[in-house]
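Worksheet: one structure, shown below.
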Amino acid sequence: MGKYNIKIASNLSGVGTHTLRAWEKRYLAVVPARSSTGRRLYSDDDIEKLQILNELCALGNSIGSIANKDISELKSLLSKMGKTRVVTKREKFKVSSSVEVNNSLKKVLEAIGNYQIEVLSKEIGILKNSLSSRDLALKILSPLLEELRHRVELKKLSIAQEHALLSMVKFHVGDIIYESYENKSKNPNSLSIATPSGELDEFDIILFSLLCSHYGVKFYYLGSNLPLAPLIDATKSFEANIILLSIRSDKSKSYIEQLHKKLDLDCSLWVSGAQKISDSQVSSSENFRSITDLFHLDTCLKELGQS
């Protein structure tokens, strides 16, 4: 019977290491053996159970309600929900053709239109294990989140519905983002990712983080609506050499200008949505970069990942 460390167990089961630890600590989903030095060692049965739990959660089940069931019970529940196998990270990147991706995107957008959260959760869960974090960001989540914005503007979705859907997306991509913190990248660059005070839209910075994860660039996800002082303190504490912000309002102009004045000489400021502050003196600075769109950022991060 196999004995696997936590990274291998995560890769085999499809459950991020951050999530895996949480499932163990809070719900005793699995109780791995320990090596003589105290490291977790997962058995084949542990891997199988984690695979099934991961699939059931993707179908909308709460981990708290299923964590203590044995494998036979979980398989029975999976069968009742119309599933006969588990998608694992052994199959990662299987979905690759544009036709398959477009069909998946169509299902996701239809689920939004009908406000079918369970269907949407299931599709995102499957795609998370089938696509690279880059393809997930560019081909699925970016169109998805733009459609969310559009429907809110047209009042076809309420703010409450928008937040519910965003929370579901964050649940699925959260383990990808936080798992990246454990990767010991040798890349010399690192980014602080946030939105300024008053900027509540968290969509873009979630996508930014997924792209950083894909290219192995170290980053710190600081969230939305972040005041100036905590952003500067966190950046200095983490020794990040790039601050990456997303803005959607010209009201952020003063924030950007103040931040730029306080930046260390070896720290760069990248701003997505900088057309909102195009008349600012900051725009002509050598350590300022205007990010025009997500594909432009993808190119910039690819270059960083190769440095």
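Simple scheme: letters A, B, ... for chains in structure tokens order, numbers from 1 for residues in each chain, numbers from 1 for ligands in the order shown.
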**Q.** Polymer residues at most 10 Å from Glu147 (chain A), only C-alpha atoms, same-chain spacing of 5 or more positions, as an MDAnalysis selection string
**A.** chainID A and resid 109 112:113 141:142 152:153
Requested write-out: all heavy atoms of the selected residues, as a PDB file, in the first residue's frame:
ATOM      1  N   LEU A 109     -22.167  29.768 -18.582  1.00  0.00           N
ATOM      2  CA  LEU A 109     -22.948  30.977 -18.819  1.00  0.00           C
ATOM      3  C   LEU A 109     -24.451  30.695 -18.734  1.00  0.00           C
ATOM      4  O   LEU A 109     -25.227  31.537 -18.243  1.00  0.00           O
ATOM      5  CB  LEU A 109     -22.591  31.575 -20.178  1.00  0.00           C
ATOM      6  CG  LEU A 109     -21.147  32.088 -20.311  1.00  0.00           C
ATOM      7  CD1 LEU A 109     -20.894  32.606 -21.723  1.00  0.00           C
ATOM      8  CD2 LEU A 109     -20.862  33.186 -19.292  1.00  0.00           C
ATOM      9  N   ILE A 112     -25.396  30.647 -15.141  1.00  0.00           N
ATOM     10  CA  ILE A 112     -25.546  32.003 -14.592  1.00  0.00           C
ATOM     11  C   ILE A 112     -26.902  32.574 -14.979  1.00  0.00           C
ATOM     12  O   ILE A 112     -27.618  33.141 -14.149  1.00  0.00           O
ATOM     13  CB  ILE A 112     -24.429  32.936 -15.120  1.00  0.00           C
ATOM     14  CG1 ILE A 112     -23.110  32.594 -14.480  1.00  0.00           C
ATOM     15  CG2 ILE A 112     -24.766  34.401 -14.825  1.00  0.00           C
ATOM     16  CD1 ILE A 112     -21.995  33.479 -14.918  1.00  0.00           C
ATOM     17  N   GLY A 113     -27.252  32.415 -16.265  1.00  0.00           N
ATOM     18  CA  GLY A 113     -28.512  32.972 -16.748  1.00  0.00           C
ATOM     19  C   GLY A 113     -29.706  32.440 -15.995  1.00  0.00           C
ATOM     20  O   GLY A 113     -30.684  33.167 -15.762  1.00  0.00           O
ATOM     21  N   LEU A 141     -13.067  31.885 -16.511  1.00  0.00           N
ATOM     22  CA  LEU A 141     -13.479  32.822 -15.468  1.00  0.00           C
ATOM     23  C   LEU A 141     -13.581  34.262 -15.959  1.00  0.00           C
ATOM     24  O   LEU A 141     -14.467  35.005 -15.518  1.00  0.00           O
ATOM     25  CB  LEU A 141     -12.518  32.738 -14.280  1.00  0.00           C
ATOM     26  CG  LEU A 141     -12.542  31.414 -13.521  1.00  0.00           C
ATOM     27  CD1 LEU A 141     -11.614  31.485 -12.307  1.00  0.00           C
ATOM     28  CD2 LEU A 141     -13.949  31.057 -13.078  1.00  0.00           C
ATOM     29  N   SER A 142     -12.687  34.675 -16.864  1.00  0.00           N
ATOM     30  CA  SER A 142     -12.766  36.047 -17.360  1.00  0.00           C
ATOM     31  C   SER A 142     -14.088  36.311 -18.080  1.00  0.00           C
ATOM     32  O   SER A 142     -14.798  37.282 -17.763  1.00  0.00           O
ATOM     33  CB  SER A 142     -11.576  36.349 -18.277  1.00  0.00           C
ATOM     34  OG  SER A 142     -11.656  37.666 -18.794  1.00  0.00           O
ATOM     35  N   VAL A 152     -25.509  42.295 -13.891  1.00  0.00           N
ATOM     36  CA  VAL A 152     -25.804  43.187 -12.768  1.00  0.00           C
ATOM     37  C   VAL A 152     -26.146  44.586 -13.276  1.00  0.00           C
ATOM     38  O   VAL A 152     -27.088  45.227 -12.796  1.00  0.00           O
ATOM     39  CB  VAL A 152     -24.610  43.244 -11.787  1.00  0.00           C
ATOM     40  CG1 VAL A 152     -24.821  44.344 -10.744  1.00  0.00           C
ATOM     41  CG2 VAL A 152     -24.453  41.893 -11.093  1.00  0.00           C
ATOM     42  N   GLU A 153     -25.373  45.064 -14.268  1.00  0.00           N
ATOM     43  CA  GLU A 153     -25.649  46.377 -14.852  1.00  0.00           C
ATOM     44  C   GLU A 153     -27.043  46.446 -15.472  1.00  0.00           C
ATOM     45  O   GLU A 153     -27.722  47.464 -15.399  1.00  0.00           O
ATOM     46  CB  GLU A 153     -24.593  46.719 -15.912  1.00  0.00           C
ATOM     47  CG  GLU A 153     -23.214  47.015 -15.345  1.00  0.00           C
ATOM     48  CD  GLU A 153     -22.176  47.195 -16.434  1.00  0.00           C
ATOM     49  OE1 GLU A 153     -22.546  47.060 -17.623  1.00  0.00           O
ATOM     50  OE2 GLU A 153     -20.997  47.439 -16.107  1.00  0.00           O
TER      51      GLU A 153
END
Q: Excluding region 164-167 of chain A and residues on its chain fewer than 3 positions from it, collect all residues at most 9 Å away from it, counting only C-alpha atoms, and give them as a PyMOL selection string.
A: chain A and resi 112+115+117+120-121+145+148+159-161+170-172+202-203
What would the file look like if the residues just selected were written as an mmCIF file, in the first residue's frame with N, CA, C and O atoms?
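Saved the output as selection-v6.cif:
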data_model
loop_
_atom_site.group_PDB
_atom_site.id
_atom_site.type_symbol
_atom_site.label_atom_id
_atom_site.label_comp_id
_atom_site.auth_asym_id
_atom_site.auth_seq_id
_atom_site.Cartn_x
_atom_site.Cartn_y
_atom_site.Cartn_z
ATOM 1 N N ILE A 112 -25.396 30.647 -15.141
ATOM 2 C CA ILE A 112 -25.546 32.003 -14.592
ATOM 3 C C ILE A 112 -26.902 32.574 -14.979
ATOM 4 O O ILE A 112 -27.618 33.141 -14.149
ATOM 5 N N TYR A 115 -29.451 31.217 -12.946
ATOM 6 C CA TYR A 115 -29.057 31.284 -11.530
ATOM 7 C C TYR A 115 -29.061 29.895 -10.895
ATOM 8 O O TYR A 115 -29.653 29.644 -9.849
ATOM 9 N N ILE A 117 -26.859 27.765 -9.122
ATOM 10 C CA ILE A 117 -25.585 27.780 -8.411
ATOM 11 C C ILE A 117 -24.974 26.385 -8.328
ATOM 12 O O ILE A 117 -23.758 26.218 -8.480
ATOM 13 N N LEU A 120 -23.471 25.529 -11.669
ATOM 14 C CA LEU A 120 -22.275 26.348 -11.867
ATOM 15 C C LEU A 120 -21.122 25.829 -11.017
ATOM 16 O O LEU A 120 -19.984 25.728 -11.481
ATOM 17 N N SER A 121 -21.416 25.492 -9.766
ATOM 18 C CA SER A 121 -20.390 24.974 -8.861
ATOM 19 C C SER A 121 -19.792 23.676 -9.403
ATOM 20 O O SER A 121 -18.578 23.472 -9.381
ATOM 21 N N LEU A 145 -16.956 36.204 -15.408
ATOM 22 C CA LEU A 145 -17.068 37.361 -14.522
ATOM 23 C C LEU A 145 -17.535 38.606 -15.281
ATOM 24 O O LEU A 145 -18.258 39.444 -14.730
ATOM 25 N N LEU A 148 -21.187 38.276 -15.498
ATOM 26 C CA LEU A 148 -21.777 38.641 -14.204
ATOM 27 C C LEU A 148 -21.941 40.157 -14.097
ATOM 28 O O LEU A 148 -23.009 40.657 -13.707
ATOM 29 N N ILE A 159 -27.248 42.475 -6.655
ATOM 30 C CA ILE A 159 -25.927 42.513 -6.029
ATOM 31 C C ILE A 159 -25.735 41.285 -5.144
ATOM 32 O O ILE A 159 -24.655 40.696 -5.088
ATOM 33 N N ALA A 160 -26.802 40.891 -4.445
ATOM 34 C CA ALA A 160 -26.720 39.713 -3.568
ATOM 35 C C ALA A 160 -26.425 38.453 -4.373
ATOM 36 O O ALA A 160 -25.612 37.613 -3.964
ATOM 37 N N GLN A 161 -27.074 38.311 -5.521
ATOM 38 C CA GLN A 161 -26.814 37.148 -6.381
ATOM 39 C C GLN A 161 -25.387 37.177 -6.921
ATOM 40 O O GLN A 161 -24.720 36.143 -6.998
ATOM 41 N N LYS A 170 -14.743 31.962 -5.717
ATOM 42 C CA LYS A 170 -13.611 32.093 -4.794
ATOM 43 C C LYS A 170 -13.367 30.790 -4.041
ATOM 44 O O LYS A 170 -12.223 30.424 -3.766
ATOM 45 N N PHE A 171 -14.446 30.090 -3.687
ATOM 46 C CA PHE A 171 -14.301 28.811 -2.995
ATOM 47 C C PHE A 171 -13.503 27.830 -3.857
ATOM 48 O O PHE A 171 -12.609 27.144 -3.369
ATOM 49 N N HIS A 172 -13.829 27.786 -5.130
ATOM 50 C CA HIS A 172 -13.181 26.814 -6.003
ATOM 51 C C HIS A 172 -11.744 27.187 -6.336
ATOM 52 O O HIS A 172 -10.891 26.301 -6.480
ATOM 53 N N GLU A 202 -13.575 42.595 -6.733
ATOM 54 C CA GLU A 202 -12.480 41.649 -6.498
ATOM 55 C C GLU A 202 -12.249 40.702 -7.679
ATOM 56 O O GLU A 202 -11.338 39.880 -7.653
ATOM 57 N N PHE A 203 -13.065 40.826 -8.707
ATOM 58 C CA PHE A 203 -12.992 39.902 -9.839
ATOM 59 C C PHE A 203 -11.595 39.827 -10.441
ATOM 60 O O PHE A 203 -11.008 38.751 -10.577
#
Q: Can you pull out every residue within 10 Å of Leu297 (chain A), counting only C-alpha atoms, but drop anything in the same chain fewer than 3 positions away, and send it as a list in words?
A: Phe208, Leu211, Cys212, Leu244, Trp270, Val271, Ser272, Ser290, Ile291, Thr292, Asp293, Leu294, Cys300, Leu301, Lys302 and Glu303 of chain A
**Q.** Close residues, Tyr220 (chain A) itself excluded, 12 Å, only C-alpha atoms, min 3 positions apart in chain, as a ChimeraX atom specification
**A.** /A:177-182,189-194,205-206,208-210,212-213,217,223,231,234-245
Q) Can you tell me, as a ChimeraX atom specification, what residues are no more than 9 Å from His260 (chain A) when counting only C-alpha atoms, ignoring any on the same chain fewer than 6 positions away? A) /A:268-269,282,287-288
Q: From a DSSP calculation on the backbone, collect every residue of region 49-229 of chain A in alpha helix (DSSP H) and output the set as a count of residues only.
A: 103
Q) Using only C-alpha atoms, which residues sit within 10 Å of Lys262 (chain A) once same-chain residues fewer than 2 positions away are excluded, as a PyMOL selection string? A) chain A and resi 228-229+232+257-260+264-265
Q: Run DSSP on the backbone and give me the residues of region 17-210 of chain A it puts in strand (DSSP E), as a list of chain:residue names.
A: A:Ala33, A:Arg34, A:Arg40, A:Leu41, A:Ser190, A:Leu191, A:Ser192, A:Ile193, A:Ala194, A:Thr195, A:Pro196
Create the file for the chosen residues now, containing N, CA, C and O atoms and written as a short mmCIF file (atom, residue, chain, number, x, y, z; two decimals), in the first residue's frame.
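Result file is selection_13.cif:
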data_model
loop_
_atom_site.label_atom_id
_atom_site.label_comp_id
_atom_site.auth_asym_id
_atom_site.auth_seq_id
_atom_site.Cartn_x
_atom_site.Cartn_y
_atom_site.Cartn_z
N ALA A 33 -1.18 8.60 8.49
CA ALA A 33 -0.13 8.13 9.38
C ALA A 33 0.96 9.20 9.46
O ALA A 33 0.92 10.20 8.73
N ARG A 34 1.90 8.99 10.34
CA ARG A 34 3.00 9.94 10.50
C ARG A 34 4.34 9.21 10.39
O ARG A 34 4.49 8.08 10.86
N ARG A 40 3.17 13.90 7.47
CA ARG A 40 1.99 13.14 7.09
C ARG A 40 2.32 12.13 6.00
O ARG A 40 3.04 12.45 5.05
N LEU A 41 1.71 10.94 6.11
CA LEU A 41 1.86 9.91 5.10
C LEU A 41 0.48 9.37 4.76
O LEU A 41 -0.21 8.79 5.61
N SER A 190 8.34 39.24 -6.86
CA SER A 190 7.13 38.94 -6.10
C SER A 190 6.20 40.15 -6.16
O SER A 190 6.66 41.30 -6.24
N LEU A 191 4.90 39.89 -6.12
CA LEU A 191 3.90 40.94 -6.30
C LEU A 191 2.95 41.02 -5.11
O LEU A 191 2.55 39.99 -4.56
N SER A 192 2.58 42.24 -4.75
CA SER A 192 1.45 42.48 -3.87
C SER A 192 0.25 42.79 -4.76
O SER A 192 0.31 43.68 -5.60
N ILE A 193 -0.86 42.05 -4.57
CA ILE A 193 -2.03 42.20 -5.44
C ILE A 193 -3.21 42.68 -4.62
O ILE A 193 -3.56 42.09 -3.60
N ALA A 194 -3.84 43.79 -5.07
CA ALA A 194 -4.94 44.37 -4.29
C ALA A 194 -5.75 45.33 -5.15
O ALA A 194 -5.43 45.57 -6.32
N THR A 195 -6.81 45.87 -4.57
CA THR A 195 -7.50 47.04 -5.13
C THR A 195 -7.45 48.15 -4.09
O THR A 195 -7.41 47.88 -2.89
N PRO A 196 -7.43 49.42 -4.53
CA PRO A 196 -7.34 50.54 -3.59
C PRO A 196 -8.59 50.72 -2.73
O PRO A 196 -9.64 50.10 -2.99
#
Q.
Between CA of Ser76 (chain A) and CA of Val30 (chain A), what distance in Å does the model show, to one decimal?
A.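 CA of Val30 (chain A) lies at a distance of 18.4 Å from CA of Ser76 (chain A).
From CA of Leu144 (chain A) back to CA of Gly273 (chain A), the distance works out to 18.9 Å.
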Q. What is the distance between CA of Asp201 (chain A) and CA of Asn103 (chain A), in Å to one decimal?
A.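 Calculated distance between CA of Asp201 (chain A) and CA of Asn103 (chain A) is 27.5 Å.
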Q: Please provide as a PyMOL selection string all residues within 7 Å of region 9-19 of chain A, with the sequence filter that same-chain residues fewer than 2 positions apart are discarded (counting only C-alpha atoms).
A: chain A and resi 4-7+21-23+42+47+50-51+54+88-90+129+175-176+178-179
